[in-house]
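Novice: Right, I'll just put the structure down here and ask away after.
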Amino acid sequence: MAEINKQIKRIGVLTSGGDAPGMNAAIRAVVRACTYYGIEVYGIRRGYRGLLDGDMKEMNARSVSDIIYRGGTILQTARCHTFRSHEGIVQGKKMAEVFGLDALVVIGGDGSFNGALAISKEGLPVIGIPGTIDNDIGCTDYTIGYDTAMNTVRDAIDKIKDTASSHERCSFVEVMGRNAGYIAMNCAIAGGAEVCLIPERPFSLESDVVKKIIECRNRGKHHYVVIVAEGVGGTMELAAKVKDITGIETTATILGHIQRGGSPTVKDRVVAGLMGVKAVQCLTHGEINKIIAFKGEKCVAVDMEEGLKTPKHLDEDMLLANEILNV
Ligand code: F6P
């Protein structure tokens with residue numbers, strides 16, 4: 001177990017990569033837990049970019065008032081290319097020294113944690129809080145933002161279904177998730193979709209899409225929803241091909257960044273609160289270089305290097321459930 005003896009007196013907190021609803025709740029939790037444990041905390045703006053620029057200032061319990069319900073991140077975020085190089089990491093470590101930071105709390109996805117791991121190897125202790133709508137980090141069951149994004153998708157599917165049923169159309173809906181199909185798979189079940197295409201599962205247009213839609217029509221259905229994960233892509237072309245082959249009118253909707261915004265759900269606020277507190281508690285106990293994972297409704301600290309190697313397995317039961325439910 002990675003540990004330090006040095007007492008943590010001052011830390012930096014940043015959000016990095018794509019924003020996610022609940023990141024503000026996580027920042028709030030880190031800042032307030034620091035206040036509780038008598039640790040100074042600096043908010044670093046624009047992720048690792050801000051660390052390299054020394055763009056940070058001290059925060060206190062009041063700096064995070066009235067943010068728990070807001071989407072986005074008050075610290076702002078960025079995808080920083082310089083931080084992917086060794087020179088960038090060394091520069092980041094130097095800037096942390098300039099500001100007297102004893103540790104860094106990084107709220108973000110696996111790309112952001114790779115940066116955190118690299119700076120930890122230069123001697124700056126880190127803790128990662130998983131924040132991404134994609135829920136694609138292997139060592140944790142849950143990432144902050146996932147529930148809110150899925151509720152946004154569910155709401156969009158419900159609305160699209162209203163109009164699809166009036167016009168007897170087949171609606172293709174593309175959802176985010178980068179290379180992962182978790183948002184797609186859950187929202188297919190929640191939205192009662194006839195077909196769900198995810199990058200983890202190769203598919204055939206003829207047997208997995210066209211044949212299924214025709215079978216549904218033969219069973220008396222008059223409208224159909226096809227969820228396409230972003231990692232599959234080509235949603236417009238798929239919709240056009242299905243129209244050509246079946247003669248059924250199709251529409252294609254790419255939900256895009258609407259999925260990243262909005263007020264976080266209860267689940268995202270609660271998990272963010274628990275993870276933020278656990279992150280600071282780890283530092284007070286001398287536990288460093290960890291990812292705060294959510295396992296069985298509890299926060300646990302997982303070694304960051306090991307955690308980043310953990311593969312995420314697809315839930316086969318969910319795929320089967322969708323097959324059974326969409327008859
Ligand atoms: O990782 C979150 C995410 O929204 C992915 O689902 C998506 O592929 C990507 O970020 C989009 O990133 P950007 O906002 O930089 O276009």
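Ligands are numbered from 1 in the order shown, residues from 1 within each chain, and chains are lettered A, B, ... in the order they appear in the structure tokens.
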When DSSP is applied to the backbone of this structure, which of stretch 260-322 of chain A are assigned helix (DSSP H, G or I)? Write them out as a PyMOL selection string.

Specialist: chain A and resi 260+266-284+304-309+316-322

Novice: Write as JSON, numbers by chain the residues around ligand 1, taking 8 Å as the cut-off and counting only C-alpha atoms and all ligand atoms.

Specialist: {"A": [17, 18, 19, 20, 79, 109, 132, 133, 134, 175, 176, 177, 178, 179, 230, 231, 256, 257, 259, 260]}

Novice: Grab the residues selected above and save them as an mmCIF file, in the first residue's frame with C-alpha atoms.

Specialist:
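Dumped everything to part-v2.cif:
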```cif
data_model
loop_
_atom_site.group_PDB
_atom_site.id
_atom_site.type_symbol
_atom_site.label_atom_id
_atom_site.label_comp_id
_atom_site.auth_asym_id
_atom_site.auth_seq_id
_atom_site.Cartn_x
_atom_site.Cartn_y
_atom_site.Cartn_z
ATOM 1 C CA GLY A 17 -11.013 15.863 -19.398
ATOM 2 C CA GLY A 18 -14.687 15.988 -20.368
ATOM 3 C CA ASP A 19 -16.881 17.580 -17.720
ATOM 4 C CA ALA A 20 -19.589 15.538 -16.014
ATOM 5 C CA ARG A 79 -7.731 18.216 -22.335
ATOM 6 C CA GLY A 109 -11.585 9.913 -16.291
ATOM 7 C CA THR A 132 -17.013 10.880 -16.457
ATOM 8 C CA ILE A 133 -20.415 10.206 -17.976
ATOM 9 C CA ASP A 134 -18.972 7.130 -19.751
ATOM 10 C CA VAL A 175 -25.544 8.305 -27.417
ATOM 11 C CA MET A 176 -22.113 9.175 -25.986
ATOM 12 C CA GLY A 177 -19.731 6.803 -24.226
ATOM 13 C CA ARG A 178 -16.519 7.048 -26.250
ATOM 14 C CA ASN A 179 -15.420 3.389 -26.768
ATOM 15 C CA GLU A 230 -20.949 6.675 -30.224
ATOM 16 C CA GLY A 231 -18.178 4.054 -30.457
ATOM 17 C CA GLY A 256 -24.256 14.962 -28.369
ATOM 18 C CA HIS A 257 -23.192 17.300 -25.587
ATOM 19 C CA GLN A 259 -25.700 14.482 -22.283
ATOM 20 C CA ARG A 260 -22.870 16.229 -20.451
#
```

Novice: Set the distance at 10 Å and use only C-alpha atoms: which residues neighbour A:Val126 once local chain neighbours fewer than 4 positions away are removed? I'd like the list as a count of residues only.

Specialist: 23

Novice: To one decimal place in Å, what is the distance between atom CA of A:Leu51 and atom CA of A:Ile258?

Specialist: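 Those two atoms sit 28.1 Å apart.
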
Novice: Just want the 10 Å neighbourhood of A:Ile157, counted on only C-alpha atoms, with same-chain residues fewer than 4 positions away dropped. Output as a list in words.

Specialist: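 Listed by chain and then number, they are Asn151, Thr152, Val153, Lys161, Asp162, Ala164, Ser171, Phe172, Val173, Cys187, Ala188, Ala190, Gly191, Gly192, Ala193, Val225, Val226, Ile227, Thr253 and Leu255 of chain A.
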
Novice: Just want the 6 Å neighbourhood of A:Ala293, counted on only C-alpha atoms, with same-chain residues fewer than 4 positions away dropped. Output as a short mmCIF file (atom, residue, chain, number, x, y, z; two decimals) with N, CA, C and O atoms, in the first residue's frame.

Specialist:
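Listing of selection_34.cif after writing:
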```cif
data_model
loop_
_atom_site.label_atom_id
_atom_site.label_comp_id
_atom_site.auth_asym_id
_atom_site.auth_seq_id
_atom_site.Cartn_x
_atom_site.Cartn_y
_atom_site.Cartn_z
N THR A 140 -13.92 0.70 -10.85
CA THR A 140 -15.05 1.22 -10.08
C THR A 140 -16.37 0.84 -10.76
O THR A 140 -16.45 0.81 -11.99
N CYS A 299 -17.39 3.44 -0.84
CA CYS A 299 -16.16 3.97 -1.44
C CYS A 299 -14.96 3.19 -0.90
O CYS A 299 -14.83 3.03 0.32
N VAL A 300 -14.11 2.73 -1.80
CA VAL A 300 -12.88 2.07 -1.38
C VAL A 300 -11.70 2.67 -2.15
O VAL A 300 -11.87 3.11 -3.30
#
```

Novice: Would you list, as a PyMOL selection string, the residues of stretch 181-289 of chain A that end up in strand (DSSP E or B) under DSSP run on this structure's backbone?

Specialist: chain A and resi 195-197+224-229+250-254+287

Novice: What's the 10 Å shell around stretch 316-323 of chain A, counting only C-alpha atoms, without same-chain residues fewer than 2 positions away, as a ChimeraX atom specification?

Specialist: /A:182,185-190,192-196,313-314,325-327

Novice: Keeping all heavy atoms, export the residues of the selection given above as a short mmCIF file (atom, residue, chain, number, x, y, z; two decimals), in the first residue's frame.

Specialist:
```cif
data_model
loop_
_atom_site.label_atom_id
_atom_site.label_comp_id
_atom_site.auth_asym_id
_atom_site.auth_seq_id
_atom_site.Cartn_x
_atom_site.Cartn_y
_atom_site.Cartn_z
N TYR A 182 -21.84 1.43 -22.17
CA TYR A 182 -22.65 1.34 -20.94
C TYR A 182 -23.86 2.26 -20.97
O TYR A 182 -24.96 1.88 -20.56
CB TYR A 182 -21.79 1.61 -19.70
CG TYR A 182 -20.60 0.69 -19.64
CD1 TYR A 182 -19.33 1.13 -19.92
CD2 TYR A 182 -20.79 -0.67 -19.39
CE1 TYR A 182 -18.25 0.28 -19.93
CE2 TYR A 182 -19.73 -1.54 -19.39
CZ TYR A 182 -18.46 -1.06 -19.66
OH TYR A 182 -17.40 -1.92 -19.68
N MET A 185 -26.37 0.67 -23.42
CA MET A 185 -27.00 -0.56 -22.97
C MET A 185 -28.07 -0.29 -21.91
O MET A 185 -29.19 -0.81 -21.97
CB MET A 185 -25.91 -1.45 -22.38
CG MET A 185 -26.21 -2.91 -22.38
SD MET A 185 -24.71 -3.82 -22.02
CE MET A 185 -24.25 -3.22 -20.42
N ASN A 186 -27.72 0.56 -20.95
CA ASN A 186 -28.70 0.88 -19.89
C ASN A 186 -29.88 1.64 -20.44
O ASN A 186 -31.03 1.40 -20.06
CB ASN A 186 -28.03 1.73 -18.80
CG ASN A 186 -27.26 0.87 -17.82
OD1 ASN A 186 -27.80 0.44 -16.83
ND2 ASN A 186 -26.02 0.59 -18.15
N CYS A 187 -29.59 2.58 -21.34
CA CYS A 187 -30.68 3.41 -21.85
C CYS A 187 -31.55 2.64 -22.84
O CYS A 187 -32.73 2.97 -23.01
CB CYS A 187 -30.13 4.69 -22.48
SG CYS A 187 -29.45 5.75 -21.19
N ALA A 188 -31.01 1.61 -23.46
CA ALA A 188 -31.84 0.75 -24.32
C ALA A 188 -32.89 0.06 -23.46
O ALA A 188 -34.07 0.00 -23.81
CB ALA A 188 -30.97 -0.27 -25.05
N ILE A 189 -32.47 -0.43 -22.30
CA ILE A 189 -33.42 -1.08 -21.39
C ILE A 189 -34.41 -0.04 -20.84
O ILE A 189 -35.63 -0.25 -20.87
CB ILE A 189 -32.69 -1.80 -20.24
CG1 ILE A 189 -31.87 -2.97 -20.80
CG2 ILE A 189 -33.68 -2.31 -19.19
CD1 ILE A 189 -31.11 -3.76 -19.76
N ALA A 190 -33.86 1.08 -20.36
CA ALA A 190 -34.73 2.10 -19.74
C ALA A 190 -35.70 2.71 -20.75
O ALA A 190 -36.80 3.12 -20.39
CB ALA A 190 -33.88 3.19 -19.10
N GLY A 192 -36.79 1.17 -23.56
CA GLY A 192 -37.55 0.16 -24.31
C GLY A 192 -37.17 0.11 -25.79
O GLY A 192 -38.03 0.01 -26.66
N ALA A 193 -35.86 0.17 -26.06
CA ALA A 193 -35.41 0.17 -27.46
C ALA A 193 -35.49 -1.23 -28.07
O ALA A 193 -35.30 -2.23 -27.37
CB ALA A 193 -33.98 0.68 -27.53
N GLU A 194 -35.75 -1.29 -29.36
CA GLU A 194 -35.82 -2.58 -30.05
C GLU A 194 -34.43 -3.14 -30.35
O GLU A 194 -34.22 -4.35 -30.36
CB GLU A 194 -36.61 -2.43 -31.37
CG GLU A 194 -38.12 -2.49 -31.23
CD GLU A 194 -38.71 -1.33 -30.45
OE1 GLU A 194 -38.14 -0.22 -30.51
OE2 GLU A 194 -39.71 -1.54 -29.75
N VAL A 195 -33.49 -2.22 -30.62
CA VAL A 195 -32.13 -2.65 -30.98
C VAL A 195 -31.13 -1.76 -30.23
O VAL A 195 -31.36 -0.57 -30.05
CB VAL A 195 -31.90 -2.52 -32.51
CG1 VAL A 195 -30.48 -2.94 -32.89
CG2 VAL A 195 -32.93 -3.33 -33.30
N CYS A 196 -30.02 -2.38 -29.81
CA CYS A 196 -28.95 -1.60 -29.15
C CYS A 196 -27.62 -2.03 -29.76
O CYS A 196 -27.26 -3.20 -29.71
CB CYS A 196 -28.98 -1.87 -27.65
SG CYS A 196 -27.64 -1.05 -26.78
N HIS A 313 -15.73 -5.22 -17.62
CA HIS A 313 -16.45 -6.27 -18.34
C HIS A 313 -17.87 -5.85 -18.63
O HIS A 313 -18.52 -5.21 -17.81
CB HIS A 313 -16.43 -7.58 -17.55
CG HIS A 313 -15.04 -8.11 -17.37
ND1 HIS A 313 -14.30 -8.56 -18.45
CD2 HIS A 313 -14.26 -8.23 -16.28
CE1 HIS A 313 -13.11 -8.94 -18.00
NE2 HIS A 313 -13.07 -8.75 -16.69
N LEU A 314 -18.31 -6.26 -19.78
CA LEU A 314 -19.68 -5.97 -20.18
C LEU A 314 -20.62 -6.87 -19.39
O LEU A 314 -20.31 -8.04 -19.15
CB LEU A 314 -19.80 -6.30 -21.66
CG LEU A 314 -20.88 -5.59 -22.42
CD1 LEU A 314 -20.61 -4.11 -22.45
CD2 LEU A 314 -20.94 -6.14 -23.82
N LEU A 325 -36.65 -8.27 -23.31
CA LEU A 325 -37.66 -7.24 -23.07
C LEU A 325 -38.17 -6.57 -24.34
O LEU A 325 -39.26 -6.01 -24.34
CB LEU A 325 -37.10 -6.17 -22.12
CG LEU A 325 -36.80 -6.66 -20.71
CD1 LEU A 325 -36.07 -5.60 -19.90
CD2 LEU A 325 -38.10 -7.06 -20.00
N ASN A 326 -37.38 -6.63 -25.42
CA ASN A 326 -37.81 -5.86 -26.59
C ASN A 326 -38.69 -6.65 -27.57
O ASN A 326 -38.98 -6.17 -28.67
CB ASN A 326 -36.64 -5.17 -27.29
CG ASN A 326 -35.68 -6.16 -27.93
OD1 ASN A 326 -36.08 -7.25 -28.32
ND2 ASN A 326 -34.43 -5.77 -28.02
N VAL A 327 -39.14 -7.85 -27.17
CA VAL A 327 -40.07 -8.55 -28.05
C VAL A 327 -41.39 -7.78 -28.11
O VAL A 327 -42.23 -8.02 -28.88
CB VAL A 327 -40.35 -10.01 -27.61
CG1 VAL A 327 -39.12 -10.87 -27.79
CG2 VAL A 327 -40.84 -10.05 -26.17
#
```

Novice: Sort by chain and increasing residue number a table of all residues of stretch 202-315 of chain A within 6 Å of stretch 21-37 of chain A, each with its closest pair of atoms and their distance in Å to one decimal, counting only C-alpha atoms, and write it as a Markdown table.

Specialist:
```
| residue | atom | partner | partner_atom | distance |
| --- | --- | --- | --- | --- |
| A:Pro264 | CA | A:Pro21 | CA | 5.0 |
| A:Asp268 | CA | A:Gly22 | CA | 5.4 |
| A:Arg269 | CA | A:Gly22 | CA | 5.6 |
| A:Ala272 | CA | A:Ala26 | CA | 4.5 |
| A:Gly273 | CA | A:Ala29 | CA | 5.1 |
| A:Gly276 | CA | A:Val30 | CA | 4.6 |
| A:Val277 | CA | A:Ala33 | CA | 5.5 |
```

Novice: Include N, CA, C and O atoms and write out the residues we just selected as a PDB file, in the first residue's frame.

Specialist:
```
ATOM      1  N   PRO A 264     -27.058  17.667 -11.564  1.00  0.00           N
ATOM      2  CA  PRO A 264     -26.816  16.249 -11.244  1.00  0.00           C
ATOM      3  C   PRO A 264     -27.963  15.609 -10.458  1.00  0.00           C
ATOM      4  O   PRO A 264     -28.608  16.267  -9.653  1.00  0.00           O
ATOM      5  N   ASP A 268     -25.702  11.070  -8.390  1.00  0.00           N
ATOM      6  CA  ASP A 268     -24.416  11.718  -8.683  1.00  0.00           C
ATOM      7  C   ASP A 268     -23.962  12.634  -7.552  1.00  0.00           C
ATOM      8  O   ASP A 268     -22.771  12.724  -7.253  1.00  0.00           O
ATOM      9  N   ARG A 269     -24.914  13.330  -6.918  1.00  0.00           N
ATOM     10  CA  ARG A 269     -24.527  14.214  -5.808  1.00  0.00           C
ATOM     11  C   ARG A 269     -24.029  13.413  -4.613  1.00  0.00           C
ATOM     12  O   ARG A 269     -23.051  13.788  -3.958  1.00  0.00           O
ATOM     13  N   ALA A 272     -20.646  11.738  -5.398  1.00  0.00           N
ATOM     14  CA  ALA A 272     -19.610  12.785  -5.411  1.00  0.00           C
ATOM     15  C   ALA A 272     -19.251  13.185  -3.987  1.00  0.00           C
ATOM     16  O   ALA A 272     -18.068  13.354  -3.646  1.00  0.00           O
ATOM     17  N   GLY A 273     -20.262  13.330  -3.136  1.00  0.00           N
ATOM     18  CA  GLY A 273     -20.017  13.701  -1.740  1.00  0.00           C
ATOM     19  C   GLY A 273     -19.182  12.640  -1.033  1.00  0.00           C
ATOM     20  O   GLY A 273     -18.182  12.952  -0.362  1.00  0.00           O
ATOM     21  N   GLY A 276     -15.564  12.489  -2.486  1.00  0.00           N
ATOM     22  CA  GLY A 276     -14.754  13.661  -2.100  1.00  0.00           C
ATOM     23  C   GLY A 276     -14.249  13.531  -0.675  1.00  0.00           C
ATOM     24  O   GLY A 276     -13.074  13.789  -0.378  1.00  0.00           O
ATOM     25  N   VAL A 277     -15.134  13.106   0.210  1.00  0.00           N
ATOM     26  CA  VAL A 277     -14.748  12.939   1.624  1.00  0.00           C
ATOM     27  C   VAL A 277     -13.698  11.833   1.747  1.00  0.00           C
ATOM     28  O   VAL A 277     -12.663  11.993   2.407  1.00  0.00           O
TER      29      VAL A 277
END
```

Novice: Pick out the closest residue to A:Arg201 from this set: A:Glu305, A:Val98, A:Asp315, A:Thr77. Count only C-alpha atoms.

Specialist: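 Under the stated criterion, the closest residue is A:Asp315.
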
Novice: Could you please determine the separation between atom CA of A:Glu40 and atom CA of A:Met56 in Å, to one decimal place?

Specialist: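 Computed distance, atom CA of A:Glu40 to atom CA of A:Met56, equals 12.7 Å.
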
Novice: How far is it from atom CA of A:Gln7 to atom CA of A:Gly286, in Å with one decimal?

Specialist: 7.6 Å

Novice: Pick from A:Leu52, A:Cys80, A:Ala96, A:Ile68: nearest to A:Gly111, with only C-alpha atoms counted?

Specialist: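 Smallest separation from A:Gly111 among the options: A:Cys80.
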
Novice: Which residues, written as a list in words, have at least one atom at most 10 Å from A:Lys309, with only C-alpha atoms counted and residues fewer than 3 positions away on the same chain left out?

Specialist: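 Listed by chain and then number, they are Ile137, Gly138, Cys139, Met304, Glu305, Glu306 and Lys312 of chain A.
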
Novice: Keeping only C-alpha atoms, write the selected residues as a short mmCIF file (atom, residue, chain, number, x, y, z; two decimals), in the first residue's frame.

Specialist:
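As a result, part-v4.cif now contains:
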```
data_model
loop_
_atom_site.label_atom_id
_atom_site.label_comp_id
_atom_site.auth_asym_id
_atom_site.auth_seq_id
_atom_site.Cartn_x
_atom_site.Cartn_y
_atom_site.Cartn_z
CA ILE A 137 -13.19 2.94 -15.56
CA GLY A 138 -12.60 -0.74 -14.78
CA CYS A 139 -11.83 -0.55 -11.06
CA MET A 304 -4.07 3.85 -8.99
CA GLU A 305 -1.66 1.87 -11.17
CA GLU A 306 -3.54 -1.40 -10.54
CA LYS A 312 -14.23 -3.33 -17.47
#
```

Novice: Taking only C-alpha atoms into account, name the residue in A:Glu200, A:Pro125, A:Thr73, A:Pro130 that is nearest to A:Ile8.

Specialist: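 Checking each of A:Glu200, A:Pro125, A:Thr73, A:Pro130 against A:Ile8, counting only C-alpha atoms, the winner is A:Pro125.
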
Novice: Between A:Ile39, A:Ala252, A:Ile127, A:Ile245, which has the minimum distance to A:Asn60 (counting only C-alpha atoms)?

Specialist: A:Ile39

Novice: Please determine, counting only C-alpha atoms, which residue among A:Thr251, A:Asp110, A:Asp53, A:Leu238 has the shortest atom-to-atom distance to A:Gly88.

Specialist: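 Looking only at the distances to A:Gly88, the closest residue turns out to be A:Asp53.
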